[in-house]
Amino acid sequence: MPSALITGATAGIGAAFARRLAADGFSLVLVARDDKRLAVSAEELRLRYGVRVEVLPADLTAEDGLAAVERRLREGVDLLVNNAGFGHRGTFLDVPVSDELRMLKLHCEAVLRLTMAALPGMRERDRGAVVNVASVAAFFTRGTYSASKAWVVNFSRSTAAELAGERVRVMALCPGFVRTEFHDRASMDVSGIPGVLWLSADKVVAEAMRDLARGAWVSVPDLRYKAIVAVGRLVPGKLTGQVSRRLGRR
Ligand SMILES: NC(=O)c1ccc[n+]([C@@H]2O[C@H](COP(=O)([O-])OP(=O)(O)OC[C@H]3O[C@@H](n4cnc5c(N)ncnc54)[C@H](OP(=O)(O)O)[C@@H]3O)[C@@H](O)[C@H]2O)c1
């Protein structure tokens, strides 16, 4: 039975990965901070899909939490999904530097360390994959959130390039707006985001798994967002900067 470890597995995109991978017969290791919610999610998955589910409560912005997940990865898993993440409500200059650093720890340090903990075992067994959840925001300018997700994309592409020719894969997943708990947790007002721009977490995961199977290094689910990223590359940076700055902040 293949195994997968998912960070941020109790809500949104991480929970959609857990459902999809359980349906595909993976045994799972679920990581998040809220241990009660982890236990409930694990039990639901066991009952519905009949797979083995472990829980690993950990705060990935804390050294002990990160080290515990690294240890579990070194025991071996076939798929790592680095998904846990969060957004800020305020603009760059309003957010306390401690919150910005916490974001860099979760979006960059945790992704780096967990990938480095998982890859040696995967290479030894000559199979496995890492999916790093970034964002369409990686291609635009939106403070530390965008900058950290741009790091995730570049890091994933660089690692995928290093592994070219091997059977181990690394892919950055870049969703647009997805209906999850993300925006509520950040107290963002997203009432101005048009309905057509919202994606479902299950659809994002289905497209990610297709892209991973075909060996993509970067996955941007949904044609609308593929077009947005392509246009964003052609338009002058100052213009995209002005638009991204306003989105979701009314
Ligand atoms: N929703 C979107 O529109 C969107 C778009 C593009 C990219 N993304 C990215 O997709 C990923 C998942 O987001 P989501 O929308 O699914 O968010 P979500 O619904 O808010 O879920 C976040 C998950 O991460 C866990 N988590 C948060 N902080 C953590 C920490 N310090 N340590 C361990 N686990 C932690 C949460 O559980 P606990 O609170 O129990 O820890 C929860 O399971 C993020 O990386 C996000 O940046 C989201």
# chains A, B, ... in the order shown; residues from 1 in each chain; ligands from 1
>>> closest_atom_pairs(of="region 47-135 of chain A", to="region 146-149 of chain A", cutoff="9 Å", atoms="only C-alpha atoms", output="Markdown table")
| residue | atom | partner | partner_atom | distance |
| --- | --- | --- | --- | --- |
| A:Met103 | CA | A:Ser148 | CA | 7.9 |
| A:Leu104 | CA | A:Ser148 | CA | 6.3 |
| A:His107 | CA | A:Ser148 | CA | 6.1 |
| A:Cys108 | CA | A:Ser148 | CA | 6.4 |
| A:Val133 | CA | A:Lys149 | CA | 8.2 |
| A:Ala134 | CA | A:Lys149 | CA | 4.9 |
| A:Ser135 | CA | A:Lys149 | CA | 6.1 |
>>> closest_atom_pairs(of="chain A", to="ligand 1", cutoff="7 Å", atoms="only C-alpha atoms and all ligand atoms", output="Markdown table")
| residue | atom | partner | partner_atom_place_in_ligand_line | distance |
| --- | --- | --- | --- | --- |
| A:Thr7 | CA | ligand 1 | 34 (N) | 5.9 |
| A:Gly8 | CA | ligand 1 | 24 (O) | 3.2 |
| A:Ala9 | CA | ligand 1 | 43 (O) | 4.6 |
| A:Thr10 | CA | ligand 1 | 43 (O) | 3.9 |
| A:Ala11 | CA | ligand 1 | 43 (O) | 4.3 |
| A:Gly12 | CA | ligand 1 | 16 (O) | 3.4 |
| A:Ile13 | CA | ligand 1 | 16 (O) | 3.8 |
| A:Gly14 | CA | ligand 1 | 16 (O) | 5.5 |
| A:Val31 | CA | ligand 1 | 34 (N) | 6.2 |
| A:Ala32 | CA | ligand 1 | 34 (N) | 3.7 |
| A:Arg33 | CA | ligand 1 | 41 (O) | 3.6 |
| A:Asp34 | CA | ligand 1 | 40 (O) | 3.8 |
| A:Arg37 | CA | ligand 1 | 40 (O) | 6.9 |
| A:Ala58 | CA | ligand 1 | 33 (C) | 5.6 |
| A:Asp59 | CA | ligand 1 | 32 (N) | 3.7 |
| A:Leu60 | CA | ligand 1 | 32 (N) | 4.0 |
| A:Thr61 | CA | ligand 1 | 31 (N) | 5.0 |
| A:Asn83 | CA | ligand 1 | 45 (O) | 4.7 |
| A:Ala84 | CA | ligand 1 | 24 (O) | 3.8 |
| A:Gly85 | CA | ligand 1 | 45 (O) | 3.5 |
| A:Phe86 | CA | ligand 1 | 47 (O) | 5.2 |
| A:Gly87 | CA | ligand 1 | 47 (O) | 6.5 |
| A:Leu106 | CA | ligand 1 | 31 (N) | 6.1 |
| A:His107 | CA | ligand 1 | 45 (O) | 6.9 |
| A:Val133 | CA | ligand 1 | 45 (O) | 5.3 |
| A:Ala134 | CA | ligand 1 | 7 (C) | 5.6 |
| A:Ser135 | CA | ligand 1 | 6 (C) | 4.0 |
| A:Val136 | CA | ligand 1 | 6 (C) | 6.2 |
| A:Cys174 | CA | ligand 1 | 6 (C) | 6.2 |
| A:Pro175 | CA | ligand 1 | 6 (C) | 4.5 |
| A:Gly176 | CA | ligand 1 | 5 (C) | 4.9 |
| A:Phe177 | CA | ligand 1 | 3 (O) | 3.6 |
| A:Val178 | CA | ligand 1 | 3 (O) | 3.7 |
| A:Arg179 | CA | ligand 1 | 1 (N) | 5.7 |
| A:Thr180 | CA | ligand 1 | 19 (O) | 4.2 |
| A:Glu181 | CA | ligand 1 | 19 (O) | 3.7 |
| A:Phe182 | CA | ligand 1 | 20 (O) | 3.4 |
| A:His183 | CA | ligand 1 | 1 (N) | 6.7 |
| A:Arg185 | CA | ligand 1 | 20 (O) | 6.2 |
>>> closest_residue(among="A:Arg214, A:Arg19, A:Arg224, A:Arg72", to="Met171 (chain A)", atoms="only C-alpha atoms")
A:Arg214
>>> closest_residue(among="A:Asp222, A:Leu101, A:Trp217, A:Leu5", to="Ser158 (chain A)", atoms="only C-alpha atoms")
A:Trp217
>>> residues_around(residues="Val53 (chain A)", least_positions_apart="4", cutoff="7 Å", atoms="only C-alpha atoms", output="list in words")
Ser27, Leu28, Val29, Ala42 and Arg46 of chain A
>>> residues_around(residues="Arg20 (chain A)", least_positions_apart="3", cutoff="8 Å", atoms="only C-alpha atoms", output="ChimeraX atom specification")
/A:16-17,23-24,202,205-206
>>> write_last_selection(atoms="N, CA and C atoms", output="JSON list (two decimals), in the first residue's frame")
[["chain", "number", "residue", "atom", "x", "y", "z"],
["A", 16, "ALA", "N", -8.87, 17.74, 0.89],
["A", 16, "ALA", "CA", -9.23, 17.19, -0.42],
["A", 16, "ALA", "C", -8.16, 16.20, -0.89],
["A", 17, "PHE", "N", -6.88, 16.52, -0.65],
["A", 17, "PHE", "CA", -5.81, 15.56, -0.97],
["A", 17, "PHE", "C", -6.01, 14.27, -0.15],
["A", 23, "ALA", "N", -8.99, 7.45, -1.32],
["A", 23, "ALA", "CA", -9.79, 6.75, -2.34],
["A", 23, "ALA", "C", -8.89, 5.97, -3.29],
["A", 24, "ASP", "N", -7.67, 6.47, -3.51],
["A", 24, "ASP", "CA", -6.71, 5.77, -4.39],
["A", 24, "ASP", "C", -5.97, 4.65, -3.65],
["A", 202, "ASP", "N", -11.61, 19.93, -4.44],
["A", 202, "ASP", "CA", -11.56, 18.60, -5.07],
["A", 202, "ASP", "C", -11.11, 18.70, -6.53],
["A", 205, "VAL", "N", -7.36, 19.37, -6.68],
["A", 205, "VAL", "CA", -6.57, 18.17, -6.38],
["A", 205, "VAL", "C", -6.63, 17.19, -7.56],
["A", 206, "ALA", "N", -7.81, 17.05, -8.18],
["A", 206, "ALA", "CA", -7.92, 16.13, -9.32],
["A", 206, "ALA", "C", -6.97, 16.56, -10.44]]
>>> residues_around(residues="region 161-164 of chain A", least_positions_apart="2", cutoff="12 Å", atoms="only C-alpha atoms", output="compact mmCIF listing (two decimals) with N, CA, C and O atoms, in the first residue's frame")
# COMPACT_ATOMS: atom_id res chain seq x y z
N LEU A 119 13.16 13.30 0.43
CA LEU A 119 13.75 12.90 -0.86
C LEU A 119 14.80 11.79 -0.80
O LEU A 119 14.79 10.90 -1.66
N PRO A 120 15.72 11.78 0.19
CA PRO A 120 16.74 10.72 0.15
C PRO A 120 16.14 9.32 0.15
O PRO A 120 16.56 8.47 -0.65
N MET A 122 13.15 8.44 -0.89
CA MET A 122 12.46 8.23 -2.18
C MET A 122 13.48 7.87 -3.25
O MET A 122 13.26 6.97 -4.06
N ARG A 123 14.62 8.56 -3.25
CA ARG A 123 15.64 8.29 -4.29
C ARG A 123 16.23 6.90 -4.09
O ARG A 123 16.48 6.19 -5.06
N ASP A 126 13.85 4.61 -5.39
CA ASP A 126 13.60 4.93 -6.80
C ASP A 126 12.11 5.10 -7.12
O ASP A 126 11.65 4.72 -8.18
N ARG A 127 11.40 5.69 -6.18
CA ARG A 127 10.00 6.05 -6.46
C ARG A 127 9.56 7.08 -5.42
O ARG A 127 10.10 7.12 -4.31
N GLY A 128 8.58 7.88 -5.81
CA GLY A 128 8.02 8.83 -4.85
C GLY A 128 7.84 10.21 -5.48
O GLY A 128 8.30 10.47 -6.59
N ALA A 129 7.14 11.08 -4.74
CA ALA A 129 6.88 12.42 -5.26
C ALA A 129 6.62 13.39 -4.12
O ALA A 129 6.19 13.01 -3.03
N VAL A 130 6.92 14.66 -4.41
CA VAL A 130 6.63 15.75 -3.47
C VAL A 130 5.78 16.77 -4.21
O VAL A 130 6.16 17.20 -5.31
N ASN A 154 9.91 28.29 -7.49
CA ASN A 154 11.28 28.20 -7.98
C ASN A 154 12.02 27.02 -7.34
O ASN A 154 12.73 26.27 -8.02
N PHE A 155 11.82 26.85 -6.03
CA PHE A 155 12.45 25.73 -5.32
C PHE A 155 12.00 24.39 -5.92
O PHE A 155 12.81 23.49 -6.15
N SER A 156 10.71 24.27 -6.19
CA SER A 156 10.18 23.00 -6.72
C SER A 156 10.73 22.74 -8.12
O SER A 156 11.13 21.61 -8.44
N ARG A 157 10.76 23.78 -8.95
CA ARG A 157 11.29 23.60 -10.31
C ARG A 157 12.77 23.25 -10.27
O ARG A 157 13.24 22.39 -11.02
N SER A 158 13.50 23.91 -9.37
CA SER A 158 14.94 23.63 -9.26
C SER A 158 15.17 22.20 -8.83
O SER A 158 16.03 21.50 -9.37
N THR A 159 14.38 21.74 -7.84
CA THR A 159 14.55 20.37 -7.34
C THR A 159 14.14 19.37 -8.42
O THR A 159 14.81 18.35 -8.62
N GLU A 166 15.31 10.75 -13.11
CA GLU A 166 15.00 9.79 -12.05
C GLU A 166 13.49 9.56 -12.01
O GLU A 166 12.72 10.31 -12.62
N ARG A 167 13.08 8.58 -11.20
CA ARG A 167 11.63 8.32 -11.11
C ARG A 167 10.96 9.07 -9.97
O ARG A 167 9.78 8.89 -9.71
N VAL A 168 11.73 9.90 -9.27
CA VAL A 168 11.17 10.70 -8.16
C VAL A 168 10.77 12.07 -8.72
O VAL A 168 11.54 12.68 -9.47
N ARG A 169 9.57 12.53 -8.36
CA ARG A 169 9.06 13.77 -8.94
C ARG A 169 8.84 14.86 -7.88
O ARG A 169 8.48 14.54 -6.74
N VAL A 170 9.01 16.09 -8.30
CA VAL A 170 8.66 17.24 -7.45
C VAL A 170 7.83 18.20 -8.30
O VAL A 170 8.19 18.47 -9.44
N MET A 171 6.72 18.67 -7.75
CA MET A 171 5.84 19.56 -8.51
C MET A 171 5.29 20.67 -7.61
O MET A 171 4.91 20.40 -6.46
N GLY A 215 4.07 14.14 -15.13
CA GLY A 215 5.44 14.62 -14.91
C GLY A 215 5.61 16.13 -14.96
O GLY A 215 6.73 16.61 -15.19
N ALA A 216 4.52 16.90 -14.73
CA ALA A 216 4.65 18.37 -14.76
C ALA A 216 5.50 18.85 -13.58
O ALA A 216 5.50 18.23 -12.52
N TRP A 217 6.19 19.95 -13.77
CA TRP A 217 6.96 20.57 -12.67
C TRP A 217 6.10 21.62 -11.96
O TRP A 217 6.31 21.90 -10.79
N VAL A 218 5.19 22.23 -12.71
CA VAL A 218 4.30 23.26 -12.15
C VAL A 218 2.88 22.96 -12.64
O VAL A 218 2.68 22.73 -13.83
>>> closest_residue(among="A:Asp35, A:Met116, A:Phe140, A:Leu79", to="Pro236 (chain A)", atoms="only C-alpha atoms")
A:Phe140
>>> closest_residue(among="A:Met188, A:Ala160, A:Val196, A:Ile6", to="Asn82 (chain A)", atoms="only C-alpha atoms")
A:Ile6
>>> atom_distance(atom1="CA of Gly121 (chain A)", atom2="CA of Val69 (chain A)")
14.4 Å
>>> residues_around(residues="Glu70 (chain A)", least_positions_apart="3", cutoff="9 Å", atoms="only C-alpha atoms", output="PDB file with all heavy atoms, in the first residue's frame")
ATOM      1  N   GLY A  65       7.808  20.729  16.321  1.00  0.00           N
ATOM      2  CA  GLY A  65       6.822  20.211  15.373  1.00  0.00           C
ATOM      3  C   GLY A  65       7.473  19.829  14.051  1.00  0.00           C
ATOM      4  O   GLY A  65       7.235  18.743  13.502  1.00  0.00           O
ATOM      5  N   LEU A  66       8.324  20.717  13.574  1.00  0.00           N
ATOM      6  CA  LEU A  66       8.999  20.476  12.292  1.00  0.00           C
ATOM      7  C   LEU A  66       9.908  19.250  12.398  1.00  0.00           C
ATOM      8  O   LEU A  66       9.923  18.384  11.502  1.00  0.00           O
ATOM      9  CB  LEU A  66       9.805  21.739  11.957  1.00  0.00           C
ATOM     10  CG  LEU A  66      10.173  22.041  10.526  1.00  0.00           C
ATOM     11  CD1 LEU A  66       9.060  21.752   9.550  1.00  0.00           C
ATOM     12  CD2 LEU A  66      10.579  23.524  10.430  1.00  0.00           C
ATOM     13  N   ALA A  67      10.631  19.150  13.513  1.00  0.00           N
ATOM     14  CA  ALA A  67      11.559  18.017  13.695  1.00  0.00           C
ATOM     15  C   ALA A  67      10.788  16.697  13.770  1.00  0.00           C
ATOM     16  O   ALA A  67      11.241  15.678  13.231  1.00  0.00           O
ATOM     17  CB  ALA A  67      12.395  18.234  14.952  1.00  0.00           C
ATOM     18  N   LEU A  73       9.087  11.476   8.193  1.00  0.00           N
ATOM     19  CA  LEU A  73       9.362  11.356   6.752  1.00  0.00           C
ATOM     20  C   LEU A  73      10.576  10.472   6.493  1.00  0.00           C
ATOM     21  O   LEU A  73      10.622   9.741   5.506  1.00  0.00           O
ATOM     22  CB  LEU A  73       9.571  12.746   6.138  1.00  0.00           C
ATOM     23  CG  LEU A  73       8.293  13.571   5.990  1.00  0.00           C
ATOM     24  CD1 LEU A  73       8.626  15.026   5.676  1.00  0.00           C
ATOM     25  CD2 LEU A  73       7.403  12.993   4.887  1.00  0.00           C
ATOM     26  N   ARG A  74      11.554  10.537   7.405  1.00  0.00           N
ATOM     27  CA  ARG A  74      12.772   9.713   7.203  1.00  0.00           C
ATOM     28  C   ARG A  74      12.474   8.230   7.361  1.00  0.00           C
ATOM     29  O   ARG A  74      13.222   7.396   6.881  1.00  0.00           O
ATOM     30  CB  ARG A  74      13.878  10.155   8.178  1.00  0.00           C
ATOM     31  CG  ARG A  74      14.433  11.517   7.799  1.00  0.00           C
ATOM     32  CD  ARG A  74      15.738  11.861   8.502  1.00  0.00           C
ATOM     33  NE  ARG A  74      16.074  13.240   8.191  1.00  0.00           N
ATOM     34  CZ  ARG A  74      15.942  14.263   9.026  1.00  0.00           C
ATOM     35  NH1 ARG A  74      15.532  14.057  10.265  1.00  0.00           N
ATOM     36  NH2 ARG A  74      16.238  15.489   8.641  1.00  0.00           N
ATOM     37  N   GLU A  75      11.352   7.899   8.018  1.00  0.00           N
ATOM     38  CA  GLU A  75      10.939   6.476   8.091  1.00  0.00           C
ATOM     39  C   GLU A  75      10.435   6.000   6.727  1.00  0.00           C
ATOM     40  O   GLU A  75      10.316   4.806   6.501  1.00  0.00           O
ATOM     41  CB  GLU A  75       9.818   6.288   9.128  1.00  0.00           C
ATOM     42  CG  GLU A  75      10.289   6.445  10.565  1.00  0.00           C
ATOM     43  CD  GLU A  75       9.115   6.481  11.538  1.00  0.00           C
ATOM     44  OE1 GLU A  75       8.016   5.964  11.213  1.00  0.00           O
ATOM     45  OE2 GLU A  75       9.288   7.054  12.635  1.00  0.00           O
ATOM     46  N   ARG A 113      12.685  21.923   4.540  1.00  0.00           N
ATOM     47  CA  ARG A 113      13.160  20.859   5.428  1.00  0.00           C
ATOM     48  C   ARG A 113      12.402  19.556   5.226  1.00  0.00           C
ATOM     49  O   ARG A 113      12.988  18.475   5.256  1.00  0.00           O
ATOM     50  CB  ARG A 113      13.087  21.336   6.881  1.00  0.00           C
ATOM     51  CG  ARG A 113      14.205  22.327   7.171  1.00  0.00           C
ATOM     52  CD  ARG A 113      14.151  22.891   8.555  1.00  0.00           C
ATOM     53  NE  ARG A 113      14.129  21.892   9.608  1.00  0.00           N
ATOM     54  CZ  ARG A 113      14.092  22.184  10.908  1.00  0.00           C
ATOM     55  NH1 ARG A 113      14.104  23.468  11.287  1.00  0.00           N
ATOM     56  NH2 ARG A 113      14.057  21.239  11.819  1.00  0.00           N
ATOM     57  N   LEU A 114      11.097  19.635   5.009  1.00  0.00           N
ATOM     58  CA  LEU A 114      10.330  18.393   4.833  1.00  0.00           C
ATOM     59  C   LEU A 114      10.669  17.744   3.486  1.00  0.00           C
ATOM     60  O   LEU A 114      10.770  16.522   3.382  1.00  0.00           O
ATOM     61  CB  LEU A 114       8.832  18.657   4.974  1.00  0.00           C
ATOM     62  CG  LEU A 114       8.410  19.226   6.348  1.00  0.00           C
ATOM     63  CD1 LEU A 114       6.893  19.307   6.449  1.00  0.00           C
ATOM     64  CD2 LEU A 114       8.969  18.405   7.516  1.00  0.00           C
ATOM     65  N   THR A 115      10.896  18.565   2.462  1.00  0.00           N
ATOM     66  CA  THR A 115      11.307  18.000   1.161  1.00  0.00           C
ATOM     67  C   THR A 115      12.659  17.304   1.322  1.00  0.00           C
ATOM     68  O   THR A 115      12.860  16.181   0.839  1.00  0.00           O
ATOM     69  CB  THR A 115      11.404  19.122   0.095  1.00  0.00           C
ATOM     70  OG1 THR A 115      10.126  19.765   0.002  1.00  0.00           O
ATOM     71  CG2 THR A 115      11.789  18.573  -1.266  1.00  0.00           C
ATOM     72  N   MET A 116      13.583  17.967   2.021  1.00  0.00           N
ATOM     73  CA  MET A 116      14.919  17.379   2.191  1.00  0.00           C
ATOM     74  C   MET A 116      14.890  16.121   3.065  1.00  0.00           C
ATOM     75  O   MET A 116      15.731  15.244   2.933  1.00  0.00           O
ATOM     76  CB  MET A 116      15.880  18.415   2.778  1.00  0.00           C
ATOM     77  CG  MET A 116      16.222  19.490   1.765  1.00  0.00           C
ATOM     78  SD  MET A 116      17.386  20.684   2.388  1.00  0.00           S
ATOM     79  CE  MET A 116      18.925  19.824   2.137  1.00  0.00           C
ATOM     80  N   ALA A 117      13.909  16.044   3.965  1.00  0.00           N
ATOM     81  CA  ALA A 117      13.789  14.841   4.802  1.00  0.00           C
ATOM     82  C   ALA A 117      13.203  13.683   3.990  1.00  0.00           C
ATOM     83  O   ALA A 117      13.556  12.519   4.206  1.00  0.00           O
ATOM     84  CB  ALA A 117      12.904  15.137   6.010  1.00  0.00           C
ATOM     85  N   ALA A 118      12.323  14.004   3.041  1.00  0.00           N
ATOM     86  CA  ALA A 118      11.619  12.938   2.297  1.00  0.00           C
ATOM     87  C   ALA A 118      12.422  12.407   1.112  1.00  0.00           C
ATOM     88  O   ALA A 118      12.358  11.219   0.788  1.00  0.00           O
ATOM     89  CB  ALA A 118      10.268  13.467   1.801  1.00  0.00           C
TER      90      ALA A 118
END
>>> closest_residue(among="A:Ala4, A:Gly192, A:Ala22, A:Lys203", to="Val131 (chain A)", atoms="only C-alpha atoms")
A:Ala4
>>> select_by_dssp(residues="region 60-136 of chain A", states="helix (DSSP H, G or I)", output="MDAnalysis selection string")
chainID A and resid 63:74 92:94 97:125 136
>>> closest_residue(among="A:Ala201, A:Ala213, A:Val243, A:Val231", to="Thr141 (chain A)", atoms="only C-alpha atoms")
A:Val243
>>> select_by_dssp(residues="region 57-207 of chain A", states="strand (DSSP E)", output="MDAnalysis selection string")
chainID A and resid 57 79:82 128:133 168:173
>>> write_last_selection(atoms="N, CA and C atoms", output="CSV table (one decimal), in the first residue's frame")
chain,number,residue,atom,x,y,z
A,57,PRO,N,0.1,15.4,15.2
A,57,PRO,CA,-0.2,16.8,15.5
A,57,PRO,C,1.2,17.6,15.6
A,79,LEU,N,4.6,9.7,-1.0
A,79,LEU,CA,4.2,11.0,-1.5
A,79,LEU,C,4.1,12.0,-0.3
A,80,LEU,N,4.8,13.1,-0.5
A,80,LEU,CA,4.7,14.2,0.5
A,80,LEU,C,3.9,15.4,-0.1
A,81,VAL,N,2.9,15.8,0.6
A,81,VAL,CA,2.2,17.0,0.1
A,81,VAL,C,2.4,18.1,1.2
A,82,ASN,N,3.3,19.1,0.8
A,82,ASN,CA,3.5,20.2,1.6
A,82,ASN,C,2.5,21.3,1.3
A,128,GLY,N,8.6,7.9,-5.8
A,128,GLY,CA,8.0,8.8,-4.9
A,128,GLY,C,7.8,10.2,-5.5
A,129,ALA,N,7.1,11.1,-4.7
A,129,ALA,CA,6.9,12.4,-5.3
A,129,ALA,C,6.6,13.4,-4.1
A,130,VAL,N,6.9,14.7,-4.4
A,130,VAL,CA,6.6,15.8,-3.5
A,130,VAL,C,5.8,16.8,-4.2
A,131,VAL,N,4.6,17.1,-3.6
A,131,VAL,CA,3.8,18.2,-4.2
A,131,VAL,C,3.9,19.4,-3.2
A,132,ASN,N,4.4,20.5,-3.7
A,132,ASN,CA,4.5,21.7,-2.8
A,132,ASN,C,3.3,22.7,-3.2
A,133,VAL,N,2.4,22.9,-2.3
A,133,VAL,CA,1.3,23.8,-2.7
A,133,VAL,C,1.8,25.3,-2.6
A,168,VAL,N,11.7,9.9,-9.3
A,168,VAL,CA,11.2,10.7,-8.2
A,168,VAL,C,10.8,12.1,-8.7
A,169,ARG,N,9.6,12.5,-8.4
A,169,ARG,CA,9.1,13.8,-8.9
A,169,ARG,C,8.8,14.9,-7.9
A,170,VAL,N,9.0,16.1,-8.3
A,170,VAL,CA,8.7,17.2,-7.4
A,170,VAL,C,7.8,18.2,-8.3
A,171,MET,N,6.7,18.7,-7.7
A,171,MET,CA,5.8,19.6,-8.5
A,171,MET,C,5.3,20.7,-7.6
A,172,ALA,N,5.3,21.9,-8.1
A,172,ALA,CA,4.6,23.0,-7.4
A,172,ALA,C,3.1,23.0,-7.9
A,173,LEU,N,2.2,23.1,-7.0
A,173,LEU,CA,0.8,23.3,-7.3
A,173,LEU,C,0.4,24.7,-7.1
>>> atom_distance(atom1="CA of Val220 (chain A)", atom2="CA of Ala208 (chain A)")
7.9 Å
